[in-house]
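Note: the block below is model.tsv and it holds TSV, C-alpha atoms.
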chain	number	residue	atom	x	y	z
A	1	MET	CA	-27.01	-7.96	3.06
A	2	GLU	CA	-29.25	-10.60	4.60
A	3	ASP	CA	-30.00	-12.03	1.22
A	4	ILE	CA	-26.33	-12.49	0.47
A	5	ASP	CA	-25.67	-13.97	3.90
A	6	THR	CA	-28.31	-16.66	3.48
A	7	GLN	CA	-27.06	-17.48	0.01
A	8	ILE	CA	-23.60	-18.14	1.32
A	9	GLN	CA	-24.84	-20.05	4.33
A	10	GLU	CA	-26.64	-22.42	1.98
A	11	ALA	CA	-23.41	-23.11	0.12
A	12	PRO	CA	-21.72	-26.27	1.38
A	13	LYS	CA	-18.48	-24.53	2.34
A	14	TYR	CA	-16.73	-21.19	2.32
A	15	ASP	CA	-14.98	-21.15	-1.03
A	16	LYS	CA	-12.53	-18.31	-1.43
A	17	THR	CA	-12.27	-18.68	-5.21
A	18	ASP	CA	-15.98	-18.44	-5.83
A	19	ASP	CA	-16.76	-15.47	-3.64
A	20	THR	CA	-18.09	-12.65	-5.78
A	21	ILE	CA	-17.99	-10.25	-2.84
A	22	VAL	CA	-14.26	-10.74	-2.46
A	23	PHE	CA	-13.93	-10.26	-6.21
A	24	GLY	CA	-15.93	-7.02	-6.02
A	25	PHE	CA	-13.67	-5.79	-3.24
A	26	TRP	CA	-10.65	-6.67	-5.37
A	27	ILE	CA	-12.02	-4.42	-8.15
A	28	TYR	CA	-12.42	-1.62	-5.60
A	29	LEU	CA	-8.78	-2.06	-4.54
A	30	MET	CA	-7.65	-1.83	-8.14
A	31	THR	CA	-9.54	1.44	-8.63
A	32	ASP	CA	-8.01	2.73	-5.41
A	33	CYS	CA	-4.62	1.98	-6.99
A	34	VAL	CA	-5.57	4.35	-9.81
A	35	LEU	CA	-6.35	7.06	-7.23
A	36	PHE	CA	-2.93	6.63	-5.65
A	37	ALA	CA	-1.27	6.53	-9.07
A	38	ALA	CA	-2.74	9.97	-9.81
A	39	LEU	CA	-1.40	11.31	-6.49
A	40	PHE	CA	2.02	9.75	-7.19
A	41	ALA	CA	2.04	11.39	-10.63
A	42	VAL	CA	1.25	14.78	-9.03
A	43	TYR	CA	4.04	14.29	-6.52
A	44	ALA	CA	6.52	13.24	-9.22
A	45	VAL	CA	5.67	16.35	-11.26
A	46	LEU	CA	5.80	18.79	-8.33
A	47	HIS	CA	8.54	17.40	-6.08
A	48	ASN	CA	11.16	19.88	-7.33
A	49	ASN	CA	8.89	22.93	-7.04
A	50	THR	CA	9.92	23.91	-3.53
A	51	PHE	CA	9.33	27.68	-4.04
A	52	GLY	CA	12.30	28.60	-1.85
A	53	GLY	CA	11.12	26.23	0.88
A	54	PRO	CA	12.83	23.07	2.10
A	55	SER	CA	13.38	20.06	-0.14
A	56	GLY	CA	12.77	16.44	0.83
A	57	SER	CA	16.30	15.79	2.05
A	58	GLN	CA	16.02	18.71	4.50
A	59	ILE	CA	12.80	17.63	6.20
A	60	PHE	CA	12.72	13.80	6.08
A	61	SER	CA	14.32	11.74	8.83
A	62	PRO	CA	15.37	8.35	7.39
A	63	HIS	CA	15.40	6.43	10.68
A	64	TYR	CA	11.97	7.67	11.70
A	65	VAL	CA	10.53	6.59	8.35
A	66	LEU	CA	12.23	3.21	8.60
A	67	ILE	CA	10.52	2.52	11.94
A	68	GLU	CA	7.16	3.57	10.45
A	69	THR	CA	7.75	1.24	7.50
A	70	LEU	CA	8.73	-1.72	9.67
A	71	ALA	CA	5.65	-1.18	11.86
A	72	LEU	CA	3.34	-1.27	8.85
A	73	LEU	CA	5.16	-4.22	7.28
A	74	SER	CA	4.92	-6.22	10.52
A	75	SER	CA	1.22	-5.37	10.83
A	76	SER	CA	0.67	-6.73	7.31
A	77	PHE	CA	2.35	-9.98	8.38
A	78	THR	CA	0.42	-10.38	11.65
A	79	CYS	CA	-2.80	-9.63	9.72
A	80	GLY	CA	-2.05	-12.50	7.32
A	81	ILE	CA	-1.34	-14.91	10.19
A	82	GLY	CA	-4.56	-13.78	11.85
A	83	LEU	CA	-6.52	-14.57	8.70
A	84	ILE	CA	-5.10	-18.11	8.58
A	85	SER	CA	-6.23	-18.55	12.20
A	86	ALA	CA	-9.69	-17.41	11.13
A	87	TYR	CA	-9.85	-20.10	8.42
A	88	ASN	CA	-8.90	-22.58	11.15
A	89	MET	CA	-11.68	-21.27	13.42
A	90	GLN	CA	-9.30	-20.30	16.23
A	91	LYS	CA	-11.23	-17.35	17.62
A	92	ASN	CA	-8.81	-16.36	20.37
A	93	ARG	CA	-5.85	-16.45	18.01
A	94	VAL	CA	-7.73	-14.28	15.52
A	95	ILE	CA	-8.39	-11.68	18.19
A	96	GLY	CA	-4.80	-11.94	19.43
A	97	TRP	CA	-3.15	-11.50	16.03
A	98	PHE	CA	-5.50	-8.74	14.94
A	99	SER	CA	-4.91	-6.90	18.24
A	100	VAL	CA	-1.19	-6.90	17.42
A	101	THR	CA	-2.04	-5.69	13.91
A	102	PHE	CA	-4.25	-2.97	15.37
A	103	LEU	CA	-1.57	-1.74	17.79
A	104	LEU	CA	1.07	-1.66	15.04
A	105	GLY	CA	-1.35	0.22	12.80
A	106	VAL	CA	-2.16	2.72	15.54
A	107	SER	CA	1.55	3.33	16.21
A	108	PHE	CA	2.04	3.92	12.48
A	109	VAL	CA	-0.76	6.50	12.37
A	110	ILE	CA	0.48	8.22	15.55
A	111	MET	CA	4.02	8.44	14.13
A	112	GLU	CA	2.64	9.97	10.95
A	113	ILE	CA	0.54	12.52	12.88
A	114	VAL	CA	3.59	13.48	14.97
A	115	GLU	CA	5.62	13.89	11.78
A	116	PHE	CA	2.94	16.08	10.17
A	117	ALA	CA	2.49	18.14	13.35
A	118	HIS	CA	6.23	18.75	13.53
A	119	LEU	CA	6.38	19.87	9.89
A	120	ILE	CA	3.45	22.26	10.35
A	121	ASN	CA	4.89	23.65	13.60
A	122	VAL	CA	8.20	24.60	12.00
A	123	GLY	CA	6.37	26.37	9.17
A	124	ASN	CA	6.57	23.65	6.53
A	125	SER	CA	2.86	23.05	6.16
A	126	PHE	CA	1.08	22.15	2.94
A	127	LYS	CA	0.77	25.88	2.22
A	128	ARG	CA	4.54	26.34	1.96
A	129	SER	CA	5.17	24.98	-1.55
A	130	ALA	CA	3.80	22.80	-4.32
A	131	PHE	CA	6.17	20.07	-3.18
A	132	LEU	CA	4.75	20.10	0.36
A	133	SER	CA	1.15	20.26	-0.90
A	134	SER	CA	1.62	17.14	-2.98
A	135	TYR	CA	3.54	15.45	-0.17
A	136	PHE	CA	0.81	16.06	2.40
A	137	THR	CA	-1.90	14.97	-0.06
A	138	LEU	CA	-0.19	11.71	-1.00
A	139	VAL	CA	0.98	10.64	2.45
A	140	GLY	CA	-2.17	12.00	4.12
A	141	THR	CA	-4.46	10.03	1.80
A	142	HIS	CA	-2.58	6.87	2.67
A	143	GLY	CA	-2.80	7.68	6.38
A	144	LEU	CA	-6.54	8.25	6.03
A	145	HIS	CA	-6.92	4.82	4.42
A	146	VAL	CA	-4.99	3.23	7.29
A	147	THR	CA	-7.22	5.02	9.82
A	148	VAL	CA	-10.37	3.77	8.09
A	149	GLY	CA	-8.90	0.26	8.09
A	150	LEU	CA	-8.20	0.51	11.82
A	151	ILE	CA	-11.78	1.58	12.57
A	152	GLY	CA	-13.06	-1.32	10.47
A	153	MET	CA	-10.72	-3.69	12.31
A	154	LEU	CA	-11.95	-2.51	15.71
A	155	ILE	CA	-15.61	-2.96	14.77
A	156	LEU	CA	-14.93	-6.40	13.29
A	157	MET	CA	-13.03	-7.54	16.38
A	158	ILE	CA	-15.93	-6.52	18.63
A	159	ARG	CA	-18.27	-8.42	16.31
A	160	ILE	CA	-16.10	-11.55	16.37
A	161	TYR	CA	-15.67	-11.29	20.14
A	162	THR	CA	-19.42	-11.16	20.73
A	163	LYS	CA	-20.79	-13.29	17.88
A	164	GLY	CA	-17.91	-15.64	17.17
A	165	LEU	CA	-16.37	-16.52	13.82
A	166	THR	CA	-19.45	-16.57	11.62
A	167	LYS	CA	-19.23	-17.02	7.90
A	168	SER	CA	-19.83	-13.35	7.21
A	169	SER	CA	-17.22	-12.32	9.80
A	170	VAL	CA	-14.60	-14.52	8.19
A	171	ARG	CA	-15.45	-13.04	4.80
A	172	ARG	CA	-15.11	-9.52	6.22
A	173	LEU	CA	-11.75	-10.48	7.69
A	174	THR	CA	-10.70	-11.64	4.23
A	175	LEU	CA	-11.64	-8.25	2.78
A	176	LEU	CA	-9.93	-6.38	5.61
A	177	SER	CA	-6.73	-8.37	5.10
A	178	LEU	CA	-6.75	-7.62	1.37
A	179	PHE	CA	-7.19	-3.93	2.18
A	180	TRP	CA	-4.38	-4.03	4.72
A	181	HIS	CA	-1.90	-5.77	2.39
A	182	PHE	CA	-2.86	-3.28	-0.31
A	183	LEU	CA	-2.04	-0.32	1.98
A	184	ASP	CA	1.30	-1.93	2.74
A	185	ILE	CA	2.14	-2.09	-0.98
A	186	ILE	CA	1.16	1.57	-1.44
A	187	TRP	CA	3.42	2.45	1.49
A	188	ILE	CA	6.38	0.65	-0.11
A	189	PHE	CA	6.08	3.06	-3.02
A	190	ILE	CA	5.69	6.08	-0.72
A	191	PHE	CA	8.76	4.89	1.21
A	192	THR	CA	10.76	4.49	-2.00
A	193	ILE	CA	9.58	7.40	-4.12
A	194	VAL	CA	8.88	10.06	-1.49
A	195	TYR	CA	11.27	9.29	1.33
A	196	MET	CA	14.25	7.34	-0.01
A	197	MET	CA	14.49	9.26	-3.29
A	198	GLY	CA	13.89	12.51	-1.41
A	199	ILE	CA	16.76	11.75	0.96
A	200	ALA	CA	19.12	10.39	-1.69
B	201	MET	CA	-20.81	-28.65	12.16
B	202	ASP	CA	-22.69	-25.41	12.61
B	203	ILE	CA	-24.06	-24.20	9.31
B	204	GLU	CA	-22.84	-20.66	10.08
B	205	THR	CA	-19.19	-21.63	10.38
B	206	PRO	CA	-16.92	-21.80	7.35
B	207	GLN	CA	-15.06	-24.90	6.35
B	208	ILE	CA	-12.17	-25.68	8.63
B	209	ILE	CA	-8.88	-26.26	6.90
B	210	SER	CA	-8.71	-29.83	8.10
B	211	ASP	CA	-5.17	-30.61	7.15
B	212	TRP	CA	-2.74	-29.06	9.62
B	213	ARG	CA	0.07	-29.39	7.08
B	214	GLU	CA	-1.79	-27.02	4.80
B	215	HIS	CA	-2.04	-24.61	7.70
B	216	ALA	CA	1.69	-24.82	8.44
B	217	ALA	CA	2.47	-24.32	4.73
B	218	GLU	CA	0.34	-21.17	4.62
B	219	VAL	CA	2.06	-19.71	7.67
B	220	LYS	CA	5.42	-20.53	6.10
B	221	VAL	CA	4.46	-18.61	2.94
B	222	TYR	CA	3.74	-15.50	5.04
B	223	ILE	CA	7.01	-15.84	6.98
B	224	VAL	CA	9.05	-16.08	3.77
B	225	GLY	CA	7.23	-13.08	2.28
B	226	PHE	CA	7.72	-11.06	5.46
B	227	ALA	CA	11.45	-11.89	5.67
B	228	LEU	CA	12.01	-10.97	2.01
B	229	SER	CA	10.11	-7.69	2.43
B	230	ILE	CA	12.17	-6.68	5.46
B	231	LEU	CA	15.37	-7.58	3.65
B	232	LEU	CA	14.42	-5.49	0.60
B	233	THR	CA	13.34	-2.52	2.76
B	234	LEU	CA	16.59	-2.56	4.73
B	235	THR	CA	18.63	-2.85	1.51
B	236	ALA	CA	16.91	0.22	0.08
B	237	PHE	CA	17.44	2.07	3.36
B	238	VAL	CA	21.16	1.23	3.66
B	239	ILE	CA	21.86	2.11	0.02
B	240	THR	CA	20.15	5.47	0.52
B	241	ILE	CA	21.74	6.59	3.79
B	242	ALA	CA	25.20	5.30	2.88
B	243	HIS	CA	25.20	7.57	-0.22
B	244	ILE	CA	26.94	4.87	-2.24
B	245	LEU	CA	25.20	5.85	-5.47
B	246	SER	CA	23.93	9.13	-6.83
B	247	GLY	CA	21.78	10.60	-9.57
B	248	TRP	CA	19.88	8.26	-11.84
B	249	GLU	CA	21.69	5.20	-10.46
B	250	ILE	CA	20.10	5.40	-7.02
B	251	VAL	CA	16.69	6.10	-8.58
B	252	ALA	CA	17.01	3.02	-10.78
B	253	VAL	CA	18.16	0.79	-7.91
B	254	LEU	CA	15.40	2.00	-5.55
B	255	ILE	CA	12.67	1.53	-8.18
B	256	PHE	CA	14.05	-1.92	-8.91
B	257	LEU	CA	13.97	-2.90	-5.22
B	258	ALA	CA	10.41	-1.53	-4.83
B	259	LEU	CA	9.22	-3.52	-7.85
B	260	ILE	CA	10.78	-6.73	-6.47
B	261	GLN	CA	9.02	-6.09	-3.16
B	262	LEU	CA	5.77	-5.47	-5.04
B	263	PHE	CA	6.07	-8.91	-6.64
B	264	VAL	CA	7.10	-10.53	-3.36
B	265	GLN	CA	4.01	-9.17	-1.60
B	266	LEU	CA	1.71	-9.96	-4.52
B	267	ILE	CA	2.87	-13.57	-4.54
B	268	PHE	CA	3.32	-14.24	-0.80
B	269	PHE	CA	0.56	-12.05	0.69
B	270	PHE	CA	-2.02	-11.75	-2.09
B	271	HIS	CA	-1.35	-15.23	-3.54
B	272	ILE	CA	-1.89	-13.75	-6.99
B	273	GLY	CA	-1.72	-16.31	-9.78
B	274	SER	CA	-2.15	-19.21	-7.35
B	275	LYS	CA	-5.02	-21.68	-7.46
B	276	ALA	CA	-6.70	-19.97	-4.50
B	277	GLN	CA	-7.32	-16.87	-6.61
B	278	SER	CA	-9.48	-16.72	-9.68
B	279	LYS	CA	-7.81	-15.72	-12.92
B	280	TRP	CA	-10.19	-12.77	-13.16
B	281	ASN	CA	-8.38	-11.17	-10.24
B	282	LEU	CA	-5.21	-11.36	-12.30
B	283	TYR	CA	-6.87	-9.89	-15.41
B	284	ILE	CA	-8.27	-6.95	-13.44
B	285	PHE	CA	-4.88	-6.45	-11.85
B	286	LEU	CA	-3.16	-6.36	-15.25
B	287	PHE	CA	-5.76	-3.90	-16.54
B	288	MET	CA	-5.07	-1.69	-13.51
B	289	ILE	CA	-1.32	-1.84	-14.24
B	290	MET	CA	-2.05	-0.65	-17.79
B	291	ILE	CA	-4.17	2.29	-16.62
B	292	VAL	CA	-1.64	3.26	-13.96
B	293	SER	CA	1.23	3.11	-16.45
B	294	ILE	CA	-0.59	5.35	-18.92
B	295	LEU	CA	-1.49	7.76	-16.12
B	296	VAL	CA	1.94	8.03	-14.52
B	297	ILE	CA	4.20	7.79	-17.58
B	298	GLY	CA	1.88	10.03	-19.61
B	299	SER	CA	1.73	12.72	-16.92
B	300	LEU	CA	5.46	12.75	-16.38
B	301	TRP	CA	6.13	12.83	-20.11
B	302	ILE	CA	3.78	15.74	-20.76
B	303	MET	CA	4.84	17.74	-17.72
B	304	THR	CA	8.59	17.42	-18.34
B	305	ASN	CA	8.01	18.51	-21.93
B	306	LEU	CA	6.00	21.50	-20.77
B	307	ASN	CA	8.64	22.35	-18.21
B	308	SER	CA	11.48	22.32	-20.69
B	309	LYS	CA	9.67	23.92	-23.62
B	310	MET	CA	7.18	26.35	-22.14
B	311	MET	CA	8.73	27.67	-18.96
B	312	PRO	CA	11.76	29.72	-20.09
B	313	THR	CA	13.53	32.07	-17.72
B	314	THR	CA	13.28	35.80	-18.42
B	315	LYS	CA	16.81	35.82	-19.82
B	316	GLN	CA	16.03	32.94	-22.17
B	317	MET	CA	12.87	34.69	-23.28
B	318	ILE	CA	14.70	37.93	-24.14
B	319	GLN	CA	17.37	35.97	-25.99
B	320	TYR	CA	14.69	34.13	-27.92
B	321	MET	CA	12.87	37.33	-28.83
B	322	ASN	CA	16.12	38.93	-29.95
B	323	SER	CA	16.94	35.93	-32.11
B	324	GLN	CA	13.52	36.09	-33.73
B	325	GLY	CA	13.89	39.85	-34.27
B	326	ALA	CA	17.29	39.38	-35.87
B	327	ALA	CA	15.87	36.90	-38.29
B	328	LEU	CA	13.16	39.23	-39.50

Go ahead and render the structure in this file as structure tokens.
Amino acid sequence: MEDIDTQIQEAPKYDKTDDTIVFGFWIYLMTDCVLFAALFAVYAVLHNNTFGGPSGSQIFSPHYVLIETLALLSSSFTCGIGLISAYNMQKNRVIGWFSVTFLLGVSFVIMEIVEFAHLINVGNSFKRSAFLSSYFTLVGTHGLHVTVGLIGMLILMIRIYTKGLTKSSVRRLTLLSLFWHFLDIIWIFIFTIVYMMGIA
Amino acid sequence: MDIETPQIISDWREHAAEVKVYIVGFALSILLTLTAFVITIAHILSGWEIVAVLIFLALIQLFVQLIFFFHIGSKAQSKWNLYIFLFMIMIVSILVIGSLWIMTNLNSKMMPTTKQMIQYMNSQGAAL
């Protein structure tokens, strides 16, 4: 890591287009898309196999999901604004905007945990049917990604708070923002394919 | 300037323009999400129509976010990002369309009900 850091420090300026680390992260995101595509395919194949259990329209609450969606969408927006502040070297704004992003992300994860806990409590756990297994796997994998992103965000904010907006911190913020926007796009498809089509 | 700090975007107009891009993308995303939501809970459409409309809205939102949040295809992103993205779309299409195609075929051809199976066996027996 130190080697890479010094290389970039020697460069005259932080050039987003030329950053191979950002490019490498982009490739990772694209492979993560393939992972989610496989889970979506499983869900699409199994979503009618309810084995006498409830179907999507019986267990999903549209308004609850809408609030979850708006929380994640807003967090994606505040994250983007925070990144612009980082490129402008406004440290306090970065911490402010990313705190909002963090809180929105945490509320999203909490809402999802409450939803899962409710389903399991009423007997509709992932053991109930193939439909519920694929549902928990798909939505749970996304939730896990969001949780990892939140942990990364927390660590990065502490780093920026103590060390300031160094070159490597700004680059990490760029990667984190890409990750966060990516999770938002995956959620749009979960919202559409799992929830809206399940309710319709 | 400290050697550790990245280049400051010196032009404030550039800054304002970037914020504006995010606001437009955010507004469009909210609009598309609410449209999908209202169409679904109002039960205006049914069957394949609602599926088609929802997929269409999701794809528009995908493009909105790719353009306004990821800045794909803009000067700020290298064209290699776009190539890798297109390659990913190809793999994902093969994966999803292929799986659904195979599994629906298997479902319709290889999972007969008991009644269907007896009928089929009778028909084969009659032919012999």

**OP:** Mind checking which residues fall within 12 Å of stretch 50-55 of chain A, counting all atoms listed in the file, ignoring those fewer than 3 positions away in the same chain, and posting them as a PyMOL selection string?
**Re:** chain A and resi 43+45-47+58-60+119+122-135+194-195+197-200

**OP:** Check every residue of chain A for an atom within 8 Å of chain B, counting all atoms listed in the file, and provide those that qualify as number ranges by chain.
**Re:** A: 9-10, 13-14, 16-18, 23, 26-27, 30-31, 33-34, 37-38, 40-41, 44-45, 62, 66, 70, 73-74, 77, 80-81, 84, 87-89, 165-167, 170, 178, 181, 185, 188-189, 192-193, 196-197, 199-200

Original post:
Which residues, written as number ranges by chain, have at least one atom at most 9 Å from A:Leu176, with all atoms listed in the file counted and residues fewer than 2 positions away on the same chain left out?
Top reply: A: 79, 149, 152-153, 171-174, 178-181

With C-alpha atoms retained, could you export that selection as a tab-separated table (two decimals), in the frame of the given file?
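Done, and the output landed in out.tsv:
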chain	number	residue	atom	x	y	z
A	79	CYS	CA	-2.80	-9.63	9.72
A	149	GLY	CA	-8.90	0.26	8.09
A	152	GLY	CA	-13.06	-1.32	10.47
A	153	MET	CA	-10.72	-3.69	12.31
A	171	ARG	CA	-15.45	-13.04	4.80
A	172	ARG	CA	-15.11	-9.52	6.22
A	173	LEU	CA	-11.75	-10.48	7.69
A	174	THR	CA	-10.70	-11.64	4.23
A	178	LEU	CA	-6.75	-7.62	1.37
A	179	PHE	CA	-7.19	-3.93	2.18
A	180	TRP	CA	-4.38	-4.03	4.72
A	181	HIS	CA	-1.90	-5.77	2.39

Original post:
When you draw a straight line from atom CA of A:Val146 to atom CA of A:Ser107, how long is it in Å?
Top reply: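 About the pair atom CA of A:Val146 and atom CA of A:Ser107: they are 11.1 Å apart.
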
**OP:** To one decimal in Å, tell me the separation between atom CA of B:Gln316 and atom CA of A:Ser57.
**Re:**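 Atom-to-atom, atom CA of B:Gln316 to atom CA of A:Ser57, that is 29.7 Å.
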
Original post:
Expressed in Å to a single decimal, how great is the separation between atom CA of A:Val42 and atom CA of A:His145?
Top reply: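 Atom-to-atom, atom CA of A:Val42 to atom CA of A:His145, that is 18.6 Å.
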